[in-house]
Structure formats: structure tokens, C-alpha cells
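A.B. asks: Compact mmCIF, C-alpha atoms, saved as work.txt, coming up:
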```txt
# COMPACT_ATOMS: atom_id res chain seq x y z
CA GLY A 1 95.33 120.10 -199.26
CA ALA A 2 96.58 118.70 -202.53
CA VAL A 3 94.06 118.45 -205.32
CA VAL A 4 93.83 115.64 -207.84
CA SER A 5 91.39 115.73 -210.72
CA GLN A 6 90.12 113.04 -213.03
CA HIS A 7 88.52 113.32 -216.42
CA PRO A 8 85.99 112.23 -217.40
CA SER A 9 83.93 111.70 -214.28
CA ARG A 10 81.62 109.35 -216.10
CA VAL A 11 81.89 107.55 -219.43
CA ILE A 12 79.77 105.07 -221.31
CA CYS A 13 81.33 103.17 -224.19
CA LYS A 14 80.50 100.26 -226.43
CA SER A 15 82.11 96.89 -226.06
CA GLY A 16 85.33 96.64 -228.04
CA THR A 17 86.22 100.31 -227.92
CA SER A 18 88.99 101.96 -225.90
CA VAL A 19 88.60 104.59 -223.21
CA LYS A 20 91.21 106.97 -221.80
CA ILE A 21 91.00 108.37 -218.29
CA GLU A 22 93.18 111.28 -217.21
CA CYS A 23 94.50 111.93 -213.73
CA ARG A 24 96.06 115.30 -212.90
CA SER A 25 97.70 116.67 -209.79
CA LEU A 26 96.65 120.32 -209.86
CA ASP A 27 98.85 122.05 -207.31
CA PHE A 28 101.82 119.77 -206.80
CA GLN A 29 104.14 117.54 -208.75
CA ALA A 30 103.70 113.83 -208.35
CA THR A 31 106.46 111.49 -209.40
CA THR A 32 104.27 108.58 -208.42
CA MET A 33 100.60 108.06 -209.12
CA PHE A 34 98.45 105.04 -208.49
CA TRP A 35 95.44 103.57 -210.25
CA TYR A 36 92.75 101.71 -208.33
CA ARG A 37 89.58 99.91 -209.20
CA GLN A 38 86.60 99.76 -206.91
CA PHE A 39 83.67 97.41 -207.29
CA PRO A 40 80.30 98.31 -205.75
CA LYS A 41 80.34 98.25 -201.96
CA GLN A 42 83.93 97.02 -201.90
CA SER A 43 87.28 98.44 -201.00
CA LEU A 44 89.84 99.77 -203.46
CA MET A 45 92.03 97.36 -205.37
CA LEU A 46 95.39 98.67 -206.51
CA MET A 47 95.88 98.04 -210.20
CA ALA A 48 99.22 99.66 -210.89
CA THR A 49 101.82 102.15 -209.77
CA SER A 50 102.71 104.81 -212.29
CA ASN A 51 106.12 106.46 -212.15
CA GLU A 52 106.91 109.54 -214.19
CA GLY A 53 109.16 108.74 -217.12
CA SER A 54 109.21 104.99 -216.63
CA LYS A 55 107.01 101.96 -217.14
CA ALA A 56 104.18 101.32 -214.76
CA THR A 57 104.33 98.50 -212.25
CA TYR A 58 101.24 96.31 -212.38
CA GLU A 59 99.78 94.28 -209.57
CA GLN A 60 99.42 90.56 -209.94
CA GLY A 61 96.45 89.62 -212.06
CA VAL A 62 96.15 92.99 -213.82
CA GLU A 63 96.65 92.77 -217.58
CA LYS A 64 99.15 95.42 -218.61
CA ASP A 65 98.17 95.16 -222.27
CA LYS A 66 94.57 95.84 -221.43
CA PHE A 67 95.13 98.65 -218.95
CA LEU A 68 97.72 100.93 -220.53
CA ILE A 69 99.25 103.48 -218.23
CA ASN A 70 101.28 106.48 -219.27
CA HIS A 71 102.88 108.99 -216.89
CA ALA A 72 104.45 111.46 -219.26
CA SER A 73 104.74 114.41 -216.90
CA LEU A 74 104.87 115.17 -213.18
CA THR A 75 101.24 116.22 -213.17
CA LEU A 76 99.53 113.82 -215.55
CA SER A 77 98.96 110.08 -215.70
CA THR A 78 96.55 108.37 -218.06
CA LEU A 79 94.84 104.98 -217.94
CA THR A 80 93.56 103.55 -221.20
CA VAL A 81 91.18 100.62 -221.05
CA THR A 82 91.66 98.88 -224.37
CA SER A 83 89.00 96.77 -226.07
CA ALA A 84 86.68 97.32 -223.16
CA HIS A 85 84.13 94.68 -222.20
CA PRO A 86 81.17 94.82 -219.80
CA GLU A 87 83.22 93.18 -217.06
CA ASP A 88 85.52 96.22 -217.16
CA SER A 89 82.67 98.40 -215.95
CA SER A 90 83.77 99.79 -212.63
CA PHE A 91 84.78 102.87 -210.67
CA TYR A 92 88.37 103.80 -211.44
CA ILE A 93 90.20 106.04 -209.00
CA CYS A 94 93.66 107.54 -209.28
CA SER A 95 95.83 108.98 -206.58
CA ALA A 96 99.03 110.98 -206.34
CA ARG A 97 101.53 110.41 -203.59
CA GLY A 98 102.56 113.17 -201.23
CA ASP A 99 105.87 113.71 -199.47
CA LEU A 100 104.96 111.63 -196.40
CA GLY A 101 103.64 108.61 -198.24
CA GLU A 102 100.05 109.76 -198.05
CA GLN A 103 97.98 109.64 -201.20
CA TYR A 104 95.59 112.24 -202.52
CA PHE A 105 92.75 110.75 -204.47
CA GLY A 106 90.90 111.92 -207.50
CA PRO A 107 87.09 111.94 -207.55
CA GLY A 108 86.94 108.79 -209.62
CA THR A 109 85.65 107.83 -213.07
CA ARG A 110 82.59 105.67 -213.50
CA LEU A 111 83.07 103.48 -216.58
CA THR A 112 80.10 101.65 -218.07
CA VAL A 113 80.69 99.33 -221.00
CA THR A 114 77.56 98.36 -222.92
CA ALA B 1 104.21 92.94 -195.13
CA GLN B 2 101.29 94.99 -193.93
CA SER B 3 97.59 94.51 -193.39
CA VAL B 4 94.68 96.30 -191.78
CA THR B 5 91.48 95.03 -190.25
CA GLN B 6 88.37 97.11 -189.75
CA LEU B 7 86.42 95.33 -187.09
CA ASP B 8 82.96 96.58 -188.03
CA SER B 9 81.52 96.61 -191.52
CA HIS B 10 78.61 98.78 -190.40
CA VAL B 11 78.16 101.21 -187.51
CA SER B 12 74.97 103.09 -186.72
CA VAL B 13 74.82 106.04 -184.32
CA SER B 14 72.34 108.73 -183.47
CA GLU B 15 73.09 112.31 -184.39
CA GLY B 16 74.92 114.06 -181.56
CA THR B 17 76.35 110.87 -180.06
CA PRO B 18 80.00 109.75 -180.21
CA VAL B 19 81.45 107.83 -183.12
CA LEU B 20 83.97 105.01 -182.79
CA LEU B 21 85.29 103.19 -185.85
CA ARG B 22 87.78 100.49 -185.01
CA CYS B 23 90.92 99.58 -186.89
CA ASN B 24 93.79 97.22 -186.15
CA TYR B 25 96.90 96.98 -188.24
CA SER B 26 99.81 94.66 -188.82
CA SER B 27 103.14 95.82 -190.15
CA SER B 28 106.72 94.59 -190.17
CA TYR B 29 107.97 98.18 -189.91
CA SER B 30 106.87 101.44 -188.33
CA PRO B 31 103.82 102.21 -190.41
CA SER B 32 102.09 105.29 -191.64
CA LEU B 33 98.38 105.10 -190.93
CA PHE B 34 95.52 106.97 -192.52
CA TRP B 35 91.79 107.31 -192.39
CA TYR B 36 89.94 108.17 -195.58
CA VAL B 37 86.26 108.91 -196.05
CA GLN B 38 84.25 108.20 -199.18
CA HIS B 39 80.80 109.61 -199.81
CA PRO B 40 78.56 107.81 -202.32
CA ASN B 41 79.93 107.90 -205.86
CA LYS B 42 82.76 110.15 -204.77
CA GLY B 43 86.50 109.77 -204.49
CA LEU B 44 88.33 109.41 -201.21
CA GLN B 45 89.11 112.30 -198.92
CA LEU B 46 91.98 112.16 -196.44
CA LEU B 47 90.64 112.64 -192.90
CA LEU B 48 93.88 112.34 -191.00
CA LYS B 49 97.29 110.70 -191.05
CA TYR B 50 99.78 109.32 -188.54
CA THR B 51 103.42 109.40 -189.53
CA SER B 52 105.35 108.71 -186.28
CA ALA B 53 104.89 112.13 -184.76
CA ALA B 54 102.19 112.69 -182.12
CA THR B 55 100.20 109.55 -181.32
CA LEU B 56 96.94 111.49 -181.09
CA VAL B 57 96.14 112.79 -184.51
CA LYS B 58 93.52 115.41 -185.19
CA GLY B 59 91.88 115.51 -188.57
CA ILE B 60 89.24 117.42 -190.42
CA ASN B 61 85.57 117.70 -189.47
CA GLY B 62 86.24 117.02 -185.79
CA PHE B 63 87.64 113.53 -186.24
CA GLU B 64 90.68 112.24 -184.44
CA ALA B 65 92.52 108.96 -184.07
CA GLU B 66 94.98 107.59 -181.58
CA PHE B 67 97.89 105.39 -182.53
CA LYS B 68 98.43 102.68 -179.92
CA LYS B 69 101.44 100.57 -180.75
CA SER B 70 100.90 98.13 -177.88
CA GLU B 71 97.43 97.35 -179.17
CA THR B 72 98.31 97.77 -182.88
CA SER B 73 95.22 99.94 -183.17
CA PHE B 74 94.30 103.20 -184.84
CA HIS B 75 90.66 103.79 -183.96
CA LEU B 76 88.79 106.79 -185.36
CA THR B 77 86.60 108.85 -183.07
CA LYS B 78 84.40 111.91 -183.11
CA PRO B 79 82.65 113.34 -180.03
CA SER B 80 79.38 114.16 -181.74
CA ALA B 81 78.10 112.69 -184.99
CA HIS B 82 76.50 114.82 -187.67
CA MET B 83 74.20 113.66 -190.43
CA SER B 84 76.81 114.68 -192.99
CA ASP B 85 79.25 112.15 -191.48
CA ALA B 86 77.29 109.28 -193.00
CA ALA B 87 79.73 107.68 -195.44
CA GLU B 88 82.19 104.84 -195.93
CA TYR B 89 85.38 105.05 -193.91
CA PHE B 90 88.61 103.28 -194.80
CA CYS B 91 91.51 102.63 -192.48
CA VAL B 92 94.73 102.44 -194.48
CA VAL B 93 98.29 101.39 -193.69
CA GLY B 94 101.32 102.34 -195.70
CA ARG B 95 105.07 102.37 -195.55
CA PRO B 96 106.67 105.72 -194.88
CA TYR B 97 108.32 107.17 -197.92
CA THR B 98 111.74 105.61 -198.40
CA GLY B 99 112.53 106.84 -201.86
CA THR B 100 110.63 104.09 -203.57
CA ALA B 101 106.96 103.83 -204.27
CA SER B 102 105.05 102.87 -201.13
CA LYS B 103 101.78 101.06 -201.54
CA LEU B 104 98.78 101.59 -199.38
CA THR B 105 96.79 98.67 -198.03
CA PHE B 106 93.13 99.39 -197.50
CA GLY B 107 90.79 97.94 -194.94
CA THR B 108 87.46 96.62 -196.13
CA GLY B 109 85.67 99.75 -194.97
CA THR B 110 83.11 100.67 -192.33
CA ARG B 111 79.82 102.16 -193.36
CA LEU B 112 78.73 104.79 -190.87
CA GLN B 113 75.03 105.46 -190.63
CA VAL B 114 73.78 108.47 -188.68
CA THR B 115 70.16 108.56 -187.61
CA LEU B 116 68.02 111.34 -186.18
```
Turn this file's structure into C-alpha cells for me.
C.D. replies:
Amino acid sequence: GAVVSQHPSRVICKSGTSVKIECRSLDFQATTMFWYRQFPKQSLMLMATSNEGSKATYEQGVEKDKFLINHASLTLSTLTVTSAHPEDSSFYICSARGDLGEQYFGPGTRLTVT
Amino acid sequence: AQSVTQLDSHVSVSEGTPVLLRCNYSSSYSPSLFWYVQHPNKGLQLLLKYTSAATLVKGINGFEAEFKKSETSFHLTKPSAHMSDAAEYFCVVGRPYTGTASKLTFGTGTRLQVTL
């Protein structure tokens, strides 16, 4: 099956700093990628849809200036958490969409803001 | 509009016994349906998908699911549970690819516990 990677897998940063998370589709091209956030013992919450070469579409309630998304190529999307605060600590998961609407998920990035 | 309901937040079975994880969906169009599994602190792995072909879908690791339109259900089953099946399972509904981005809607998850 299709493989999606994320880097880093785990990051700890200080409050007020910015963190970039990369999402790569390794063996296929993805015109659309998605970013999710998952709180402990909860389901995934879609944050934004990332389309290659265009601006991301954010879900209601997600601050686009805080969560910057860039999808510069067909295999790479990045999520930058700007001026991170402890409440931004979470598990961030990206996915890349396949031809039939299915999504292939990355392994996730655990962000801890101290 | 689309939604999905996982009827059990927690299911416990003994190793070697059948597994049944229930899922009902609601959709204003012919949906695509998926089951994903998530092991602790891991990303999601696609178990199987239904995309309007055969109603009985076979997935990885011995899992299968049957799409029943009359009951708006897509229950996940496995004949014999293994300890390694213990994980969180998500039933997911999506819109078949129409040339625009299609969002997935996740159920709240069912935690499967497998005991000796």
C-alpha cells in the first residue's frame, strides 16, 4: 500500500517558538493532503485540507495564522505551528488521498510544548 | 452531509473468539466506507475499504466488513481474535472522489481488548 511518512515523530519545544512538521508521500503523488489533530483517547479532528500549489482550506475554528500549511510539491506538505503554547500539545497526523478517496495516514507527530 | 456512529466505545473478547465491531453511517450520497486501526501512539492503518463494488469487503489481517445499505451498516468482523488485534478501530465515511477534495468523517472509535 501507499506509504506516508512524517518528520519528526516526536518534538518538544518551548512556549513561543515555532515547530515545522513534514508529511511526505513516499511512493505516490498526492495532490491533496490532510492534517488532523488527535487528543488523547479521542478521534481525529480534521484541521485543514492541503492542495498542491494552492492555499489550504481550514476547518471552522482552526486558526490559519497559527497553523501554517504549505503544499509546495506533489509529495510534500508541511504544517508549522507558530508561537506554540502548551495547549497546542497534541498528536498531529497527516494523510494523503488516494485515487478512490481513501486516505493513507502518516505515523503521526507527538508535539509537546513546555 | 455524512456521519458515522460506532455503537460500542469498548469491546472485550477472548483470544480465538469472533470479533464484531459495529458501525452505522448516514450519507446523502453513495458513500465510501473505511475501517482504520490505530495501535497506541501510532498512526492509522487502513484495514479495508468499500467503494461501491462488492458489498463484502475483505481486508488485511483476516478482517472483513459487509456493507448493508438497507441497514446503513458497515460492521467489522474477524472469525478469531488475536492478541495483536488489540487496538483502537475507527469506522470512517467519505465521499467518493469527484474531482474535488473529499473529507473523511471519523467515528468516535472502538477500543478492542483481547484477553487470554
A.B. asks: So which residues touch range 13-17 of chain A within 8 Å, counting all atoms listed in the file, skipping near sequence neighbours fewer than 2 positions away, as a list in words?
C.D. replies: Val11, Val19, Thr82, Ser83, Ala84, His85, Pro86, Leu111, Thr112, Val113 and Thr114 of chain A
A.B. asks: I need the contact residues of chain A against chain B, so if you could list those with any atom within 8 Å, counting all atoms listed in the file, and return them as a VMD selection string, that would help.
C.D. replies: chain A and resid 32 42 to 44 49 93 99 to 102 104 to 108
A.B. asks: So what do you get for CA of Val3 in chain A versus CA of Glu59 in chain A, distance-wise?
C.D. replies: 25.2 Å
A.B. asks: As an exercise, work out the distance from CA of Thr31 in chain A to CA of Ala56 in chain A in Å and give it to one decimal place.
C.D. replies: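 A separation of 11.7 Å between them.
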A.B. asks: Between CA of Ser3 in chain B and CA of Gly61 in chain A, what is the spacing in Å?
C.D. replies: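 So the answer is 19.3 Å.
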A.B. asks: I'd like the contact shell of Leu7 in chain B - 8 Å cut-off, all atoms listed in the file, skipping same-chain residues fewer than 4 positions apart - returned as a list in words.
C.D. replies: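 Answer for this query is Arg22, Cys23 and Asn24 of chain B.
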A.B. asks: Which one of A:Leu74, A:Leu26, A:Val81, A:Cys94 sits closest to Ala48 in chain A if you count all atoms listed in the file?
C.D. replies: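 Nearest to Ala48 in chain A: A:Cys94.
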A.B. asks: For Asn70 in chain A, which residue out of A:Gln29, A:Ser50, A:Ser89, A:Gln103 is the nearest one, using only C-alpha atoms?
C.D. replies: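 Ranking A:Gln29, A:Ser50, A:Ser89, A:Gln103 by distance to Asn70 in chain A, first place goes to A:Ser50.
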A.B. asks: Which residue is closest to Thr109 in chain A? Choose from A:Ser90, A:Thr75, A:Thr80, A:Ser95 and count all atoms listed in the file.
C.D. replies: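 Distance minimum relative to Thr109 in chain A lands on A:Ser90.
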A.B. asks: From the list B:Gln113, B:Gln6, B:Thr55, B:Ser27, which residue is nearest Ala81 in chain B when using all atoms listed in the file?
C.D. replies: B:Gln113
A.B. asks: Contacts of Phe67 in chain B at 7 Å or less, counting only C-alpha atoms, minus same-chain residues fewer than 5 places along, as number ranges by chain?
C.D. replies: B: 55-56, 73-74
A.B. asks: Hey, which of A:Val4, A:Phe39, A:Leu76, A:Gln60 ends up closest to Asp27 in chain A? Count all atoms listed in the file.
C.D. replies: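 Smallest distance to Asp27 in chain A is found for A:Val4.
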A.B. asks: I'd like to know which of B:Val19, B:Ser84, B:Ser30, B:His39 is closest to Thr72 in chain B, using all atoms listed in the file.
C.D. replies: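 The shortest atom-to-atom distance to Thr72 in chain B comes from B:Ser30.
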